[in-house]
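This is data_6.cif. It holds mmCIF, C-alpha atoms.
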```
data_query
#
loop_
_atom_site.label_atom_id
_atom_site.label_comp_id
_atom_site.auth_asym_id
_atom_site.auth_seq_id
_atom_site.Cartn_x
_atom_site.Cartn_y
_atom_site.Cartn_z
CA MET A 1 0.63 -110.50 117.81
CA PRO A 2 -2.18 -109.27 115.46
CA LEU A 3 0.13 -109.31 112.40
CA ASP A 4 -0.28 -113.02 111.70
CA ALA A 5 0.31 -114.80 108.39
CA ILE A 6 -3.25 -114.09 107.18
CA CYS A 7 -2.96 -110.37 107.90
CA LEU A 8 0.40 -110.43 106.12
CA THR A 9 -1.34 -111.93 103.08
CA ALA A 10 -3.72 -108.97 103.00
CA ILE A 11 -0.75 -106.59 103.17
CA LYS A 12 1.07 -108.54 100.45
CA ASN A 13 -1.92 -108.27 98.11
CA GLU A 14 -2.13 -104.54 98.73
CA LEU A 15 1.59 -103.98 98.19
CA ALA A 16 1.57 -106.06 95.01
CA GLU A 17 -1.05 -103.73 93.51
CA SER A 18 0.83 -100.60 94.59
CA ILE A 19 4.55 -101.10 94.09
CA THR A 20 4.98 -103.93 91.55
CA GLY A 21 7.03 -102.44 88.73
CA SER A 22 8.30 -99.57 90.88
CA LYS A 23 11.97 -98.61 90.94
CA ILE A 24 14.01 -98.20 94.12
CA ASP A 25 15.44 -94.67 94.27
CA LYS A 26 16.77 -94.48 97.81
CA ILE A 27 17.47 -96.80 100.76
CA GLN A 28 17.70 -95.63 104.36
CA GLN A 29 18.23 -97.34 107.71
CA PRO A 30 17.19 -94.86 110.41
CA GLU A 31 17.30 -97.53 113.12
CA ARG A 32 19.04 -100.84 113.57
CA ASP A 33 15.95 -102.91 112.69
CA LEU A 34 14.23 -100.47 110.33
CA ILE A 35 14.73 -100.16 106.55
CA ILE A 36 13.01 -97.53 104.38
CA PHE A 37 12.86 -97.94 100.57
CA SER A 38 11.89 -94.90 98.51
CA LEU A 39 10.23 -96.13 95.30
CA ARG A 40 8.88 -94.51 92.15
CA ASP A 41 6.53 -96.13 89.64
CA LYS A 42 6.26 -95.56 85.91
CA GLY A 43 3.67 -92.86 86.48
CA ASN A 44 6.19 -90.96 88.64
CA GLN A 45 4.17 -91.76 91.79
CA SER A 46 6.45 -92.05 94.83
CA TYR A 47 6.12 -94.47 97.76
CA ARG A 48 8.01 -95.20 100.95
CA LEU A 49 8.14 -98.88 101.88
CA LEU A 50 8.84 -99.55 105.55
CA ILE A 51 10.30 -102.89 106.65
CA SER A 52 10.73 -103.42 110.38
CA ALA A 53 12.49 -106.48 111.79
CA GLY A 54 12.38 -105.30 115.38
CA SER A 55 11.21 -107.65 118.08
CA GLY A 56 7.61 -106.82 118.95
CA ASP A 57 6.90 -104.51 115.99
CA THR A 58 7.74 -106.57 112.89
CA ARG A 59 5.82 -105.27 109.90
CA VAL A 60 5.90 -104.32 106.20
CA HIS A 61 3.80 -101.50 104.81
CA LEU A 62 3.86 -98.18 102.99
CA THR A 63 4.38 -95.18 105.23
CA GLU A 64 3.86 -91.45 104.99
CA HIS A 65 6.09 -90.64 107.95
CA LYS A 66 9.67 -89.42 107.72
CA PHE A 67 12.47 -90.68 109.91
CA ASP A 68 15.74 -89.12 111.05
CA ASN A 69 18.78 -90.88 109.61
CA PRO A 70 22.12 -91.43 111.37
CA GLN A 71 25.10 -89.42 110.15
CA THR A 72 26.87 -92.61 109.09
CA PRO A 73 24.70 -95.30 107.44
CA PRO A 74 25.07 -98.83 108.86
CA MET A 75 26.97 -101.46 106.88
CA PHE A 76 23.82 -103.37 105.92
CA CYS A 77 22.26 -100.18 104.56
CA MET A 78 25.33 -99.48 102.40
CA LEU A 79 25.25 -103.05 101.08
CA LEU A 80 21.57 -102.71 100.15
CA ARG A 81 22.34 -99.42 98.38
CA LYS A 82 25.11 -101.11 96.42
CA HIS A 83 22.94 -104.00 95.22
CA LEU A 84 19.40 -102.59 95.08
CA THR A 85 19.59 -98.89 94.18
CA GLY A 86 17.88 -98.67 90.79
CA ALA A 87 16.36 -102.15 91.13
CA ARG A 88 12.78 -102.77 90.06
CA VAL A 89 10.18 -104.72 92.03
CA ILE A 90 9.02 -107.60 89.83
CA LYS A 91 6.97 -109.74 92.17
CA ILE A 92 5.94 -110.08 95.82
CA SER A 93 5.17 -113.57 97.10
CA GLN A 94 4.51 -115.36 100.39
CA PRO A 95 4.95 -119.02 101.38
CA PRO A 96 1.57 -120.53 102.39
CA ALA A 97 0.54 -119.58 105.94
CA GLU A 98 4.01 -118.23 106.79
CA ARG A 99 5.02 -114.79 108.06
CA VAL A 100 7.56 -114.37 105.27
CA LEU A 101 7.49 -112.02 102.28
CA ILE A 102 9.75 -112.43 99.25
CA PHE A 103 10.45 -109.39 97.06
CA GLU A 104 11.78 -110.46 93.66
CA LEU A 105 13.86 -107.67 92.16
CA GLU A 106 15.67 -106.89 88.91
CA SER A 107 18.86 -104.86 89.15
CA PHE A 108 21.97 -104.22 87.07
CA SER A 109 25.36 -105.78 87.62
CA VAL A 110 28.68 -103.94 87.36
CA LEU A 111 28.78 -104.89 83.68
CA GLY A 112 25.32 -103.50 83.08
CA GLU A 113 23.62 -106.89 82.81
CA ILE A 114 20.18 -107.49 84.32
CA VAL A 115 20.42 -109.74 87.37
CA GLU A 116 17.74 -111.05 89.68
CA LYS A 117 17.91 -110.67 93.44
CA ARG A 118 15.56 -111.51 96.27
CA LEU A 119 14.90 -109.58 99.43
CA ILE A 120 13.39 -112.01 101.94
CA VAL A 121 11.63 -110.48 104.94
CA GLU A 122 11.14 -112.95 107.79
CA LEU A 123 8.65 -111.51 110.27
CA LEU A 124 9.09 -114.34 112.75
CA GLY A 125 8.44 -113.63 116.41
CA HIS A 126 11.54 -115.29 117.86
CA GLN A 127 14.09 -113.92 115.39
CA PRO A 128 12.94 -111.62 112.57
CA ASN A 129 15.41 -111.01 109.78
CA ILE A 130 15.95 -109.38 106.38
CA VAL A 131 17.98 -111.46 103.92
CA LEU A 132 19.34 -110.49 100.49
CA THR A 133 20.11 -113.32 98.08
CA GLY A 134 21.10 -113.71 94.46
CA SER A 135 19.07 -115.55 91.82
CA ASP A 136 20.93 -118.75 92.78
CA GLY A 137 19.69 -118.52 96.38
CA ILE A 138 23.13 -117.76 97.83
CA ILE A 139 22.94 -115.27 100.68
CA ILE A 140 24.67 -111.96 99.91
CA ASP A 141 24.10 -110.61 103.42
CA CYS A 142 21.44 -110.30 106.09
CA LEU A 143 20.41 -107.98 108.88
CA ARG A 144 21.06 -110.61 111.57
CA ARG A 145 23.71 -113.23 110.98
CA VAL A 146 22.83 -116.54 112.57
CA GLY A 147 25.06 -119.59 112.55
CA GLY A 148 27.34 -121.96 114.39
CA GLU A 149 26.42 -122.56 117.99
CA LEU A 150 23.61 -119.99 117.90
CA ASN A 151 21.46 -122.09 115.61
CA GLU A 152 22.59 -125.55 114.62
CA LYS A 153 19.50 -126.33 112.53
CA ARG A 154 19.53 -123.25 110.31
CA SER A 155 22.41 -120.91 109.57
CA VAL A 156 21.88 -117.54 107.89
CA LEU A 157 25.29 -116.28 106.81
CA PRO A 158 26.77 -114.67 103.67
CA GLY A 159 27.89 -117.28 101.16
CA LEU A 160 25.47 -119.98 102.35
CA LEU A 161 22.47 -121.24 100.44
CA TYR A 162 19.32 -119.68 101.85
CA ARG A 163 16.96 -122.11 103.53
CA ALA A 164 13.42 -121.15 104.47
CA PRO A 165 12.50 -121.09 108.17
CA HIS A 166 11.37 -124.41 109.56
CA PRO A 167 7.57 -124.65 109.72
CA GLN A 168 6.00 -124.97 113.15
CA GLU A 169 5.86 -128.63 114.05
CA GLY A 170 2.56 -130.18 115.08
CA LYS A 171 0.43 -127.32 113.74
CA TYR A 172 -2.09 -127.38 110.90
CA ASN A 173 -2.68 -124.88 108.12
CA PRO A 174 -6.19 -123.53 108.83
CA LEU A 175 -6.72 -122.66 105.17
CA ASN A 176 -6.72 -126.37 104.29
CA MET A 177 -9.15 -127.41 107.03
CA THR A 178 -12.63 -128.82 106.40
CA GLY A 179 -15.49 -129.11 108.85
CA GLU A 180 -14.89 -132.87 109.23
CA MET A 181 -11.18 -132.40 109.93
CA LEU A 182 -11.89 -129.71 112.51
CA CYS A 183 -14.51 -131.88 114.20
CA GLU A 184 -12.06 -134.76 114.46
CA LEU A 185 -9.37 -132.50 115.97
CA LEU A 186 -11.88 -131.13 118.45
CA LYS A 187 -12.74 -134.63 119.66
CA HIS A 188 -9.14 -135.24 120.74
CA ALA A 189 -8.59 -131.77 122.25
CA ASN A 190 -7.58 -131.34 125.87
CA ASP A 191 -9.96 -129.59 128.26
CA GLU A 192 -8.54 -126.07 128.01
CA GLN A 193 -9.80 -122.73 126.78
CA VAL A 194 -10.94 -123.12 123.18
CA ASP A 195 -8.99 -120.10 121.91
CA LYS A 196 -5.75 -121.37 123.49
CA TRP A 197 -6.36 -124.79 121.95
CA MET A 198 -6.74 -123.15 118.54
CA VAL A 199 -3.52 -121.14 118.97
CA SER A 200 -1.58 -124.31 119.77
CA THR A 201 -3.25 -126.32 116.98
CA PHE A 202 -3.21 -123.96 113.97
CA ASN A 203 -0.56 -121.70 112.56
CA ALA A 204 -1.29 -118.39 110.78
CA PHE A 205 -3.92 -117.43 113.38
CA SER A 206 -3.21 -114.83 116.07
CA PRO A 207 -4.71 -115.15 119.58
CA LEU A 208 -7.03 -112.26 118.69
CA ILE A 209 -8.54 -114.15 115.75
CA CYS A 210 -8.88 -117.36 117.77
CA ARG A 211 -10.79 -115.48 120.47
CA GLU A 212 -12.96 -113.86 117.82
CA ILE A 213 -13.91 -117.21 116.30
CA VAL A 214 -14.94 -118.52 119.72
CA TRP A 215 -16.92 -115.34 120.43
CA ARG A 216 -18.72 -115.55 117.07
CA ALA A 217 -19.60 -119.17 117.80
CA TYR A 218 -20.73 -118.91 121.42
CA GLY A 219 -20.61 -115.26 122.52
CA ASP A 220 -17.92 -116.04 125.13
CA THR A 221 -14.15 -115.90 124.76
CA ASP A 222 -13.41 -117.85 127.98
CA LEU A 223 -15.22 -121.03 126.94
CA ARG A 224 -13.41 -124.31 127.61
CA VAL A 225 -13.39 -127.32 125.29
CA GLY A 226 -15.26 -129.44 127.85
CA ASP A 227 -18.09 -126.88 128.00
CA ILE A 228 -19.01 -127.21 124.32
CA ARG A 229 -22.44 -128.86 124.11
CA ASP A 230 -23.26 -128.73 120.36
CA ASN A 231 -20.51 -131.14 119.28
CA GLY A 232 -18.54 -128.11 118.08
CA GLU A 233 -21.04 -127.19 115.36
CA GLY A 234 -21.03 -123.49 116.27
CA LEU A 235 -17.23 -123.36 116.36
CA ILE A 236 -16.93 -125.22 113.04
CA ASN A 237 -19.40 -122.87 111.32
CA ALA A 238 -17.59 -119.74 112.59
CA PHE A 239 -14.21 -121.23 111.63
CA ILE A 240 -15.23 -122.28 108.11
CA SER A 241 -16.99 -118.96 107.54
CA LEU A 242 -13.80 -117.04 108.29
CA ILE A 243 -11.73 -119.41 106.10
CA LYS A 244 -14.08 -118.77 103.16
CA GLN A 245 -13.67 -115.03 103.66
CA ILE A 246 -9.88 -115.41 103.67
CA ASN A 247 -9.80 -117.66 100.59
CA LEU A 248 -11.85 -115.05 98.71
CA ASN A 249 -9.31 -112.35 99.75
CA LYS A 250 -12.05 -110.37 101.48
CA PHE A 251 -9.87 -108.48 103.92
CA GLU A 252 -10.89 -105.34 105.78
CA PRO A 253 -8.43 -103.11 107.68
CA TRP A 254 -10.04 -102.57 111.10
CA LEU A 255 -8.36 -100.44 113.77
CA ILE A 256 -9.47 -100.92 117.37
CA SER A 257 -8.97 -97.96 119.71
CA THR A 258 -9.59 -97.10 123.34
CA ASP A 259 -11.97 -94.38 124.49
CA THR A 260 -9.06 -91.92 124.48
CA GLY A 261 -8.28 -92.70 120.83
CA LYS A 262 -5.11 -94.69 121.55
CA PRO A 263 -4.61 -97.60 119.08
CA PHE A 264 -5.23 -100.87 120.92
CA ASP A 265 -5.41 -103.61 118.29
CA PHE A 266 -6.06 -104.25 114.59
CA SER A 267 -7.31 -107.02 112.34
CA TYR A 268 -8.24 -108.00 108.79
CA THR A 269 -11.83 -108.76 109.86
CA HIS A 270 -14.37 -106.94 112.00
CA ILE A 271 -13.64 -107.72 115.66
CA MET A 272 -16.81 -107.86 117.74
CA GLN A 273 -15.64 -109.59 120.93
CA TYR A 274 -14.89 -106.28 122.70
CA GLU A 275 -18.47 -105.07 122.10
CA LYS A 276 -18.72 -101.47 123.42
CA LYS A 277 -15.52 -101.51 125.47
CA TYR A 278 -13.41 -100.39 122.49
CA SER A 279 -14.29 -98.59 119.28
CA SER A 280 -13.58 -99.98 115.80
CA LYS A 281 -12.79 -97.98 112.70
CA LEU A 282 -12.49 -99.21 109.13
CA GLU A 283 -9.34 -97.68 107.62
CA SER A 284 -8.81 -96.92 103.94
CA ASN A 285 -6.05 -99.52 103.50
CA PHE A 286 -3.73 -101.76 105.49
CA SER A 287 -0.70 -99.50 105.09
CA HIS A 288 -2.57 -96.63 106.69
CA LEU A 289 -3.79 -99.02 109.38
CA LEU A 290 -0.30 -100.23 110.29
CA ASP A 291 1.12 -96.73 109.98
CA SER A 292 -1.40 -95.52 112.54
CA PHE A 293 -0.96 -98.48 114.85
CA PHE A 294 2.81 -99.02 114.79
CA THR A 295 4.57 -95.90 113.55
CA LEU A 296 2.79 -93.41 115.78
CA SER A 297 3.04 -95.78 118.74
CA ALA A 298 6.72 -96.41 117.99
CA LYS A 299 7.45 -92.69 117.80
CA GLN A 300 5.72 -92.12 121.13
CA LYS A 301 7.60 -95.07 122.62
CA ARG A 302 10.94 -93.71 121.35
CA MET A 303 10.09 -90.28 122.76
CA ASN A 304 9.24 -91.83 126.12
CA GLN A 305 12.49 -93.82 126.07
CA ARG A 306 14.54 -90.73 125.25
CA SER A 307 12.74 -88.73 127.93
CA ALA A 308 13.36 -91.48 130.46
CA ALA A 309 17.03 -91.70 129.42
CA THR A 310 17.46 -87.92 129.73
CA LEU A 311 15.76 -87.91 133.11
CA LYS A 312 17.98 -90.77 134.26
CA VAL A 313 21.15 -88.91 133.21
CA MET A 314 20.01 -85.74 135.00
CA THR A 315 18.98 -87.68 138.12
CA ASN A 316 22.32 -89.51 138.24
CA ALA A 317 24.22 -86.22 137.79
CA ARG A 318 22.21 -84.59 140.55
CA ASP A 319 22.70 -87.53 142.92
CA ARG A 320 26.42 -87.56 142.17
CA GLN A 321 26.72 -83.87 143.01
CA VAL A 322 24.70 -84.34 146.21
CA ARG A 323 27.04 -87.15 147.27
CA LYS A 324 30.07 -84.99 146.49
CA LEU A 325 28.67 -82.05 148.42
CA THR A 326 27.81 -84.26 151.40
CA ALA A 327 31.33 -85.72 151.42
CA GLN A 328 32.87 -82.25 151.18
CA LYS A 329 30.70 -80.97 154.05
CA ALA A 330 31.74 -83.96 156.16
CA GLU A 331 35.36 -83.29 155.32
CA LEU A 332 34.92 -79.62 156.18
CA ASP A 333 33.35 -80.56 159.51
CA GLU A 334 36.26 -82.87 160.26
CA THR A 335 38.78 -80.12 159.52
CA SER A 336 36.96 -77.42 161.48
CA LYS A 337 39.34 -78.02 164.44
CA ARG A 338 42.48 -78.18 162.32
CA ASP A 339 44.06 -75.10 163.97
CA TYR A 340 43.40 -76.44 167.47
CA LEU A 341 44.85 -79.85 166.56
CA ARG A 342 47.94 -78.29 164.99
CA GLU A 343 48.44 -76.26 168.15
CA CYS A 344 48.22 -79.50 170.19
CA GLY A 345 50.91 -81.01 168.00
CA ASP A 346 53.13 -77.98 168.49
CA LEU A 347 52.57 -78.08 172.27
CA ILE A 348 53.56 -81.76 172.37
CA THR A 349 56.69 -81.00 170.33
CA ALA A 350 57.59 -78.15 172.69
CA ASN A 351 57.29 -80.47 175.68
CA LEU A 352 59.05 -83.54 174.35
CA HIS A 353 61.84 -83.11 176.88
CA SER A 354 59.42 -83.59 179.79
CA MET A 355 57.34 -86.46 178.33
CA LYS A 356 57.72 -90.23 178.63
CA LYS A 357 56.49 -93.12 176.54
CA GLY A 358 53.21 -94.56 177.84
CA GLN A 359 51.97 -91.20 179.01
CA SER A 360 48.21 -90.80 178.38
CA THR A 361 47.78 -87.10 179.11
CA LEU A 362 49.87 -83.98 178.71
CA VAL A 363 49.11 -80.88 180.77
CA ALA A 364 51.16 -78.09 179.25
CA CYS A 365 51.34 -74.34 179.26
CA ASP A 366 49.11 -73.04 176.47
CA PHE A 367 51.24 -70.39 174.84
CA PHE A 368 48.63 -70.12 172.04
CA ALA A 369 46.15 -68.50 174.39
CA ASP A 370 45.36 -64.87 173.67
CA ASN A 371 47.04 -63.63 176.86
CA GLY A 372 49.77 -66.26 176.89
CA SER A 373 53.36 -65.08 176.92
CA GLY A 374 54.72 -67.94 174.89
CA SER A 375 57.55 -68.52 177.34
CA ASP A 376 58.48 -71.95 178.65
CA PHE A 377 59.11 -70.43 182.10
CA GLU A 378 56.05 -68.21 182.35
CA CYS A 379 52.46 -69.39 181.77
CA SER A 380 50.08 -66.56 182.44
CA GLY A 381 47.69 -67.65 179.60
CA GLY A 382 46.60 -70.90 181.23
CA VAL A 383 47.23 -74.55 180.56
CA ARG A 384 45.91 -77.06 178.01
CA GLU A 385 45.20 -80.72 178.67
CA ILE A 386 46.01 -82.91 175.67
CA LYS A 387 45.06 -86.58 175.43
CA LEU A 388 47.80 -88.92 174.25
CA ASP A 389 47.92 -92.43 172.86
CA ALA A 390 49.77 -94.47 175.45
CA MET A 391 50.90 -96.92 172.77
CA LYS A 392 52.70 -94.21 170.81
CA THR A 393 55.90 -92.32 171.55
CA PRO A 394 55.69 -88.54 172.22
CA GLN A 395 57.02 -87.88 168.70
CA GLN A 396 54.31 -90.12 167.19
CA ASN A 397 51.61 -88.35 169.19
CA ALA A 398 52.89 -84.99 167.97
CA ALA A 399 52.84 -86.29 164.36
CA LYS A 400 49.30 -87.60 164.79
CA TYR A 401 47.98 -84.22 165.89
#
```
I'd like the structure from this file rewritten - as structure tokens, please.
Amino acid sequence: MPLDAICLTAIKNELAESITGSKIDKIQQPERDLIIFSLRDKGNQSYRLLISAGSGDTRVHLTEHKFDNPQTPPMFCMLLRKHLTGARVIKISQPPAERVLIFELESFSVLGEIVEKRLIVELLGHQPNIVLTGSDGIIIDCLRRVGGELNEKRSVLPGLLYRAPHPQEGKYNPLNMTGEMLCELLKHANDEQVDKWMVSTFNAFSPLICREIVWRAYGDTDLRVGDIRDNGEGLINAFISLIKQINLNKFEPWLISTDTGKPFDFSYTHIMQYEKKYSSKLESNFSHLLDSFFTLSAKQKRMNQRSAATLKVMTNARDRQVRKLTAQKAELDETSKRDYLRECGDLITANLHSMKKGQSTLVACDFFADNGSGSDFECSGGVREIKLDAMKTPQQNAAKY
């Protein structure tokens, strides 16, 4: 996803300038994976810090949007309120080339003593999490508890010592690379697309950035390693140029949109690989960039999900009523001859004395006819032929009708 470790560094730098020293006034959890901190600095300036640990939209930034809260706050939200309401943000840090932010906080204990706590936000793709620890590193609680058979290598449970996520094995930190090191790696690369090779070789780089480096070097994002004819000089120059920009903290919040204005992508550097297919806009800051890209998209997604859920409920209710009505019509059709069948049963009962077992047909005087006399000895109304089940007794046939 575009929010790689380098983009997170740009966000961290921006947040450190904005909210360091601010005090937490309010904590909300409008959704299972979404935490909102309302902060106020010494100049009485208010902020809303959004932390999302949802799969596919992990992010941390300031937001101007408001969210509807559940009537009953979740347990994790109440725990954060207990430990962090009134706490002050002292420092925001990030492990090198990792998608993890650490908020160091000062709060007050029950006895009124100043205690240090850490809120660790792990924006990892496979299992994002939010972990609250004490100054000793012992986990107080976390958004997602992981342990036992779920993850034998790393458990995240209350009461355990917090351990940082395992770094990606076999990958290099691009910020420490030199031109010589990159050239040596390129010599031993498999013949695959250059951008895919970079994604599998370096951490902290998103696929978007890897494609952009290849495009800046050769003007083609589909280039394969075996097609490079300049011994990788163009790729090395584009790579090192971007690394220098990153090391100097020269980040720019670029939003990439479609022709209809729908947010499509974002980056911390100007993306030129799309040329005129998409439009790029330089936003005022990264919080506004992520707010535009994620929050608006997430709201639209939630609205679409709720609309789809409502439509599904209505469709199911309609289909259920149609099935009921069809069954009732079929039942009504089956019972349309109920009077005639009852009359047959009565005729069989009236003629039991003249019937024998094994008889397949009964021809009897129809005393239910309009001009019938109803007498056993006089049949001026006509006769009725009734089919019988030869395997049943006369009494059973009468009961069946």
Interatomic distance (Å, one decimal) between atom CA of A:Met314 and atom CA of A:Thr295: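 Between these atoms lies a distance of 28.3 Å.
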The PyMOL selection byres ((chain A and resi 60-74) around 8) resolved against shown file, as number ranges by chain: A: 11, 15, 28-32, 47-52, 58-59, 75-78, 286-288, 290-291, 295
Take the selection from the previous step and output its residues with C-alpha atoms, as a CSV table (one decimal), in the coordinates of the input.
```csv
chain,number,residue,atom,x,y,z
A,11,ILE,CA,-0.8,-106.6,103.2
A,15,LEU,CA,1.6,-104.0,98.2
A,28,GLN,CA,17.7,-95.6,104.4
A,29,GLN,CA,18.2,-97.3,107.7
A,30,PRO,CA,17.2,-94.9,110.4
A,31,GLU,CA,17.3,-97.5,113.1
A,32,ARG,CA,19.0,-100.8,113.6
A,47,TYR,CA,6.1,-94.5,97.8
A,48,ARG,CA,8.0,-95.2,101.0
A,49,LEU,CA,8.1,-98.9,101.9
A,50,LEU,CA,8.8,-99.6,105.6
A,51,ILE,CA,10.3,-102.9,106.6
A,52,SER,CA,10.7,-103.4,110.4
A,58,THR,CA,7.7,-106.6,112.9
A,59,ARG,CA,5.8,-105.3,109.9
A,75,MET,CA,27.0,-101.5,106.9
A,76,PHE,CA,23.8,-103.4,105.9
A,77,CYS,CA,22.3,-100.2,104.6
A,78,MET,CA,25.3,-99.5,102.4
A,286,PHE,CA,-3.7,-101.8,105.5
A,287,SER,CA,-0.7,-99.5,105.1
A,288,HIS,CA,-2.6,-96.6,106.7
A,290,LEU,CA,-0.3,-100.2,110.3
A,291,ASP,CA,1.1,-96.7,110.0
A,295,THR,CA,4.6,-95.9,113.6
```
Explicit residues for the PyMOL selection byres ((chain A and resi 261-267) around 10) (as an MDAnalysis selection string): chainID A and resid 1:4 6:7 206 208:209 251:260 268:271 278:282 286 289:290 292:294 296:297
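Every residue that the PyMOL selection byres ((chain A and resi 82-90) around 9) selects in this file is listed here: A:Ile19, A:Thr20, A:Gly21, A:Ser22, A:Lys23, A:Ile24, A:Asp25, A:Lys26, A:Ile27, A:Leu39, A:Cys77, A:Met78, A:Leu79, A:Leu80, A:Arg81, A:Lys91, A:Ile92, A:Phe103, A:Glu104, A:Leu105, A:Glu106, A:Ser107, A:Phe108, A:Ser109, A:Lys117.
The neighbours of A:Ser360 here are the residues that come within 9 Å of it, using all atoms listed in the file and leaving out any residue fewer than 6 positions away in the same chain; they are Ile386, Lys387, Leu388, Asp389, Ala390 and Met391 of chain A.
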Between atom CA of A:Thr361 and atom CA of A:Ala398, distance in Å (one decimal):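 For atom CA of A:Thr361 relative to atom CA of A:Ala398, the distance reads 12.4 Å.
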Neighbour list for A:Phe202 as an MDAnalysis selection string, cut-off 7 Å, only C-alpha atoms, skip fewer than 5 positions in-chain: chainID A and resid 171:174
Two-atom distance - atom CA of A:Gly382, atom CA of A:Leu362 (Å):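 Separation of atom CA of A:Gly382 and atom CA of A:Leu362: 13.7 Å.
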Exercise: residues within 8 Å of coordinate (4.9, -124.4, 107.9), counting only C-alpha atoms, as an MDAnalysis selection string: chainID A and resid 96:98 166:169 171 173 203
Adding 3 Å on each side of the box along x, y and z that holds all listed atoms of stretch 166-170 of chain A, could you give its centre and edge lengths in Å to one decimal, as AutoDock Vina command-line options?
```
--center_x 7.0 --center_y -127.3 --center_z 112.3 --size_x 14.8 --size_y 11.8 --size_z 11.5
```
